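Peer 1: Would you mind keeping the following structure in view while I ask a few things?
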Amino acid sequence: MEETIPFKNLYSREYQGHKKKVHSVAWNCAGTKLASGSVDQTARIWHIEPHGHGKVKDIELKGHTDSVDQLCWDPKHADLIATASGDKTVRLWDARSGKCSQQAELSGENINITFKPDGTHVAVGNRDDELTILDVRKFKALHKRKFNYEVNEIAWNVTGDMFFLTTGNGTVEVLAYPSLQAVNTLMAHTAGCYCIAIDPLGRYFAVGSADSLVSLWNIKEMLCVRTFTKLEWPVRTVSFNHTGEYIASASEDLFIDISNVQTGRSVHQIPCRAAMNSVEWNPKYNLLAYAGDDKNKYQADEGVFRIFGFESA
């Protein structure tokens, strides 16, 4: 029996709706909706049928007065989504009506946002390296902390009792949650760490760095297990697929790398036309959403994102 090549003969589809470039793409917990956040100050919700064709319905989330930099869905609720914007607000939306249900006015321009796995808290990082944790129900700040180093992407572990910060010093800071006491500083990379992803099975986390490497860490032992070396530019975004078998990473290289987590080998590369800002695997299917700095022939932002993994284009 010959070895099957994963992701062979699969295609990408393009989704057009934003007026400016897309910064962030994220799937809901059911894997049925994808949200995109853009420099055009809006987010959009798209109904994606994993096997279907046909016109895709989308709904616009309007209200932010600056770029929507990152968004994330409630891990327990398929229609609740949070957006972080340069306008200093964080907003919670109902994806069915497109209405904003809650908003919090914070102190700086927000760039990173993530939900606690049980859906109770949201963590937000801003350009001033300040971390705010919001209670989702009351939408009030529970914790605020300012760091004296560059804080990039943030994440909870699967059980929600550990919190990770990637930093400009090449470290990953591990904090206990909810105390936010420092537990560990991992010397992860020789240059700034930009992004982090948690393996859905809770075994690993992966860190993407300006040194162009992705490192894979055993969460129990806090040890680096291996590195993925395919990219040549600073790694901006990483994501594990739903089985924890594959990891996607992207940068300014003109391809997205998909590697096998266990062997470290690259199994597929998706060509792209520009630097990528966000890649995210669907939580149920091998569909990978990705968005970057695509421009049209007149060098204007294209405002598109794509999804790879369909059986026809």
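Residues are named by chain letter and number: chains run A, B, ... in the order of the structure tokens, numbers start at 1 in each chain, and ligands are numbered from 1 in the order shown.
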I'd like the neighbourhood of Ser259 (chain A) as a short mmCIF file (atom, residue, chain, number, x, y, z; two decimals) with all heavy atoms, in the first residue's frame, where a residue qualifies if any of its atoms comes within 9 Å (using only C-alpha atoms), though same-chain residues fewer than 3 positions away should be ignored.
Peer 2:
data_model
loop_
_atom_site.label_atom_id
_atom_site.label_comp_id
_atom_site.auth_asym_id
_atom_site.auth_seq_id
_atom_site.Cartn_x
_atom_site.Cartn_y
_atom_site.Cartn_z
N PHE A 228 10.29 23.53 13.77
CA PHE A 228 9.89 23.46 12.36
C PHE A 228 10.65 24.59 11.65
O PHE A 228 10.60 25.74 12.10
CB PHE A 228 8.37 23.65 12.24
CG PHE A 228 7.59 22.64 13.04
CD1 PHE A 228 7.25 22.89 14.37
CD2 PHE A 228 7.21 21.43 12.48
CE1 PHE A 228 6.53 21.96 15.11
CE2 PHE A 228 6.49 20.48 13.22
CZ PHE A 228 6.16 20.76 14.53
N LYS A 230 10.87 25.32 8.09
CA LYS A 230 10.63 25.55 6.66
C LYS A 230 10.59 27.03 6.26
O LYS A 230 10.95 27.39 5.15
CB LYS A 230 9.29 24.91 6.25
CG LYS A 230 9.44 23.50 5.69
CD LYS A 230 10.12 23.52 4.32
CE LYS A 230 10.34 22.17 3.72
NZ LYS A 230 11.66 21.59 3.94
N GLU A 245 -2.64 16.70 14.70
CA GLU A 245 -1.70 15.96 13.86
C GLU A 245 -0.81 16.89 13.01
O GLU A 245 0.33 16.58 12.71
CB GLU A 245 -2.55 15.11 12.91
CG GLU A 245 -1.94 13.83 12.45
CD GLU A 245 -2.98 13.05 11.62
OE1 GLU A 245 -4.21 13.31 11.73
OE2 GLU A 245 -2.54 12.18 10.87
N TYR A 246 -1.39 18.04 12.65
CA TYR A 246 -0.70 18.96 11.73
C TYR A 246 -0.63 20.35 12.34
O TYR A 246 -1.49 20.77 13.10
CB TYR A 246 -1.44 19.04 10.39
CG TYR A 246 -1.50 17.72 9.68
CD1 TYR A 246 -2.70 17.02 9.60
CD2 TYR A 246 -0.35 17.14 9.13
CE1 TYR A 246 -2.77 15.78 8.97
CE2 TYR A 246 -0.40 15.91 8.50
CZ TYR A 246 -1.61 15.23 8.42
OH TYR A 246 -1.67 14.02 7.81
N ILE A 247 0.42 21.08 11.93
CA ILE A 247 0.54 22.47 12.34
C ILE A 247 0.78 23.32 11.10
O ILE A 247 1.57 22.95 10.23
CB ILE A 247 1.66 22.63 13.39
CG1 ILE A 247 1.69 24.06 13.93
CG2 ILE A 247 3.02 22.22 12.87
CD1 ILE A 247 2.49 24.19 15.22
N ALA A 248 0.04 24.42 11.01
CA ALA A 248 0.23 25.36 9.90
C ALA A 248 0.94 26.59 10.44
O ALA A 248 0.66 27.03 11.57
CB ALA A 248 -1.12 25.76 9.31
N SER A 249 1.86 27.12 9.65
CA SER A 249 2.56 28.35 10.06
C SER A 249 2.78 29.23 8.84
O SER A 249 2.92 28.73 7.72
CB SER A 249 3.89 28.01 10.74
OG SER A 249 4.67 27.18 9.91
N GLN A 262 4.29 15.22 14.79
CA GLN A 262 5.13 14.17 15.38
C GLN A 262 6.50 14.03 14.72
O GLN A 262 7.49 13.79 15.39
CB GLN A 262 4.41 12.80 15.35
CG GLN A 262 3.18 12.74 16.25
CD GLN A 262 3.42 13.23 17.69
OE1 GLN A 262 4.51 13.08 18.23
NE2 GLN A 262 2.40 13.82 18.28
N THR A 263 6.54 14.19 13.39
CA THR A 263 7.83 13.98 12.71
C THR A 263 8.58 15.29 12.47
O THR A 263 9.78 15.28 12.23
CB THR A 263 7.61 13.33 11.33
OG1 THR A 263 6.89 14.26 10.50
CG2 THR A 263 6.84 12.03 11.43
N GLY A 264 7.85 16.41 12.51
CA GLY A 264 8.48 17.69 12.19
C GLY A 264 8.62 17.93 10.70
O GLY A 264 9.13 18.96 10.28
N ARG A 265 8.18 16.96 9.88
CA ARG A 265 8.34 17.09 8.42
C ARG A 265 7.24 17.91 7.80
O ARG A 265 6.07 17.81 8.16
CB ARG A 265 8.30 15.71 7.77
CG ARG A 265 9.64 15.03 7.76
CD ARG A 265 9.69 13.92 6.70
NE ARG A 265 10.63 12.91 7.11
CZ ARG A 265 10.28 11.78 7.72
NH1 ARG A 265 9.01 11.49 7.93
NH2 ARG A 265 11.18 10.92 8.09
N SER A 266 7.64 18.71 6.81
CA SER A 266 6.67 19.48 6.04
C SER A 266 5.93 18.54 5.10
O SER A 266 6.55 17.77 4.38
CB SER A 266 7.41 20.55 5.24
OG SER A 266 6.50 21.27 4.46
N VAL A 267 4.58 18.56 5.14
CA VAL A 267 3.80 17.65 4.29
C VAL A 267 3.11 18.38 3.14
O VAL A 267 2.71 17.76 2.16
CB VAL A 267 2.74 16.85 5.10
CG1 VAL A 267 3.43 15.94 6.11
CG2 VAL A 267 1.75 17.77 5.79
N HIS A 268 2.94 19.70 3.27
CA HIS A 268 2.26 20.44 2.20
C HIS A 268 2.59 21.92 2.33
O HIS A 268 2.84 22.41 3.43
CB HIS A 268 0.74 20.25 2.30
CG HIS A 268 0.00 20.73 1.08
ND1 HIS A 268 -0.02 20.02 -0.10
CD2 HIS A 268 -0.70 21.87 0.86
CE1 HIS A 268 -0.72 20.70 -1.00
NE2 HIS A 268 -1.14 21.83 -0.43
N GLN A 269 2.60 22.60 1.19
CA GLN A 269 2.75 24.05 1.21
C GLN A 269 1.66 24.67 0.34
O GLN A 269 1.42 24.21 -0.77
CB GLN A 269 4.13 24.45 0.70
CG GLN A 269 5.22 24.02 1.67
CD GLN A 269 6.62 24.39 1.24
OE1 GLN A 269 6.83 24.88 0.14
NE2 GLN A 269 7.57 24.13 2.10
#
Peer 1: Considering only C-alpha atoms, tabulate each residue of region 272-301 of chain A that lies at most 12 Å from region 45-56 of chain A along with its nearest interatomic pair and the corresponding distance in Å to one decimal; arrange the rows by chain and ascending residue number and present them as a tab-separated table.
Peer 2:
residue	atom	partner	partner_atom	distance
A:Asn282	CA	A:Pro50	CA	9.6
A:Pro283	CA	A:Pro50	CA	11.6
A:Lys284	CA	A:Pro50	CA	9.5
A:Tyr285	CA	A:Pro50	CA	7.5
A:Asn286	CA	A:Pro50	CA	9.2
A:Leu287	CA	A:Pro50	CA	7.7
A:Leu288	CA	A:Pro50	CA	11.0
A:Ala289	CA	A:Ile48	CA	10.8
Peer 1: Give me, as a ChimeraX atom specification, all polymer residues having an atom no more than 12 Å from Leu254 (chain A), counting only C-alpha atoms and skipping those fewer than 2 positions away in the same chain.
Peer 2: /A:230-233,249-252,256-257,269-276,292-294
Peer 1: Can you pull out every residue within 9 Å of Thr167 (chain A), counting only C-alpha atoms, but drop anything in the same chain fewer than 4 positions away, and send it as a compact mmCIF listing (two decimals) with C-alpha atoms, in the first residue's frame?
Peer 2:
# COMPACT_ATOMS: atom_id res chain seq x y z
CA TYR A 149 8.57 44.24 27.94
CA GLU A 150 6.89 43.70 24.58
CA VAL A 151 3.92 41.34 24.92
CA ASN A 152 2.67 39.67 21.77
CA GLU A 153 0.12 36.87 21.36
CA THR A 171 10.73 34.26 25.90
CA VAL A 172 7.40 32.68 26.74
CA GLU A 173 6.17 33.79 30.16
CA GLY A 192 11.04 37.99 19.57
CA CYS A 193 8.20 35.49 19.92
CA TYR A 194 5.15 36.67 17.97
Peer 1: So which bits of region 78-245 of chain A end up strand (DSSP E or B) when you DSSP the backbone, as a PyMOL selection string?
Peer 2: chain A and resi 80-85+89-94+99-105+110-115+121-126+130-135+140-146+151-156+162-167+171-176+182-187+193-198+204-209+214-218+223-228+237-240
Peer 1: Dump C-alpha atoms for the selected residues as a short mmCIF file (atom, residue, chain, number, x, y, z; two decimals), in the first residue's frame?
Peer 2:
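New file part_28.cif:
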data_model
loop_
_atom_site.label_atom_id
_atom_site.label_comp_id
_atom_site.auth_asym_id
_atom_site.auth_seq_id
_atom_site.Cartn_x
_atom_site.Cartn_y
_atom_site.Cartn_z
CA LEU A 80 -20.86 34.74 20.41
CA ILE A 81 -17.76 36.51 19.22
CA ALA A 82 -15.38 39.06 20.70
CA THR A 83 -13.45 41.65 18.69
CA ALA A 84 -10.43 43.75 19.67
CA SER A 85 -9.79 47.02 17.88
CA THR A 89 -12.79 49.02 22.73
CA VAL A 90 -13.45 45.33 23.00
CA ARG A 91 -16.87 44.25 21.81
CA LEU A 92 -19.00 41.17 22.19
CA TRP A 93 -21.38 40.38 19.34
CA ASP A 94 -24.22 38.05 18.56
CA LYS A 99 -25.61 43.28 17.01
CA CYS A 100 -23.06 44.31 19.60
CA SER A 101 -24.25 43.04 23.00
CA GLN A 102 -21.43 44.34 25.23
CA GLN A 103 -18.55 46.72 24.95
CA ALA A 104 -15.67 47.67 27.21
CA GLU A 105 -13.62 50.83 26.87
CA ASN A 110 -5.99 46.49 21.39
CA ILE A 111 -4.09 43.99 19.25
CA ASN A 112 -4.57 40.53 20.79
CA ILE A 113 -7.61 38.80 22.22
CA THR A 114 -8.34 35.28 23.39
CA PHE A 115 -11.10 33.43 25.25
CA HIS A 121 -13.09 35.24 30.64
CA VAL A 122 -11.50 37.14 27.77
CA ALA A 123 -7.89 38.33 27.80
CA VAL A 124 -6.89 41.38 25.77
CA GLY A 125 -3.41 42.70 25.04
CA ASN A 126 -2.74 46.22 23.78
CA GLU A 130 -0.95 45.91 29.02
CA LEU A 131 -3.03 42.82 29.72
CA THR A 132 -6.70 43.12 30.71
CA ILE A 133 -8.85 40.17 31.71
CA LEU A 134 -12.59 40.71 31.34
CA ASP A 135 -15.41 38.76 32.92
CA LYS A 140 -15.87 44.32 33.44
CA ALA A 141 -12.13 44.09 34.03
CA LEU A 142 -11.09 41.46 36.60
CA HIS A 143 -7.33 41.99 36.25
CA LYS A 144 -5.12 44.61 34.66
CA ARG A 145 -1.39 44.28 34.37
CA LYS A 146 1.24 46.33 32.60
CA VAL A 151 3.92 41.34 24.92
CA ASN A 152 2.67 39.67 21.77
CA GLU A 153 0.12 36.87 21.36
CA ILE A 154 -1.45 35.39 24.49
CA ALA A 155 -3.19 32.09 25.27
CA TRP A 156 -4.64 29.90 27.99
CA MET A 162 -2.10 28.42 32.94
CA PHE A 163 -1.69 31.57 30.90
CA PHE A 164 1.03 32.17 28.30
CA LEU A 165 2.51 35.42 27.01
CA THR A 166 4.88 35.55 24.04
CA THR A 167 7.38 38.38 24.37
CA THR A 171 10.73 34.26 25.90
CA VAL A 172 7.40 32.68 26.74
CA GLU A 173 6.17 33.79 30.16
CA VAL A 174 4.06 31.15 31.90
CA LEU A 175 1.67 32.45 34.56
CA ALA A 176 -0.63 30.57 36.90
CA ALA A 182 4.87 33.88 37.31
CA VAL A 183 5.57 30.14 37.12
CA ASN A 184 8.21 29.95 34.43
CA THR A 185 10.16 31.92 31.85
CA LEU A 186 11.01 29.80 28.82
CA MET A 187 13.99 30.94 26.75
CA CYS A 193 8.20 35.49 19.92
CA TYR A 194 5.15 36.67 17.97
CA CYS A 195 2.49 33.99 18.11
CA ILE A 196 1.36 30.95 20.06
CA ALA A 197 -1.03 28.05 19.46
CA ILE A 198 -2.27 25.39 21.88
CA TYR A 204 1.83 20.79 23.30
CA PHE A 205 1.99 24.44 22.52
CA ALA A 206 3.77 25.98 19.54
CA VAL A 207 5.53 29.32 19.36
CA GLY A 208 6.37 31.28 16.21
CA SER A 209 9.28 33.67 16.29
CA VAL A 214 8.36 27.46 15.11
CA SER A 215 9.15 25.64 18.36
CA LEU A 216 7.00 22.83 19.79
CA TRP A 217 6.83 22.51 23.57
CA ASN A 218 5.66 19.68 25.78
CA LEU A 223 10.55 21.40 27.29
CA CYS A 224 11.10 22.09 23.62
CA VAL A 225 10.46 18.87 21.68
CA ARG A 226 11.32 20.01 18.17
CA THR A 227 11.43 22.95 15.79
CA PHE A 228 9.89 23.46 12.36
CA THR A 237 0.80 33.01 12.84
CA VAL A 238 0.53 29.33 13.83
CA SER A 239 -2.38 26.91 14.24
CA PHE A 240 -2.90 23.21 15.10
#
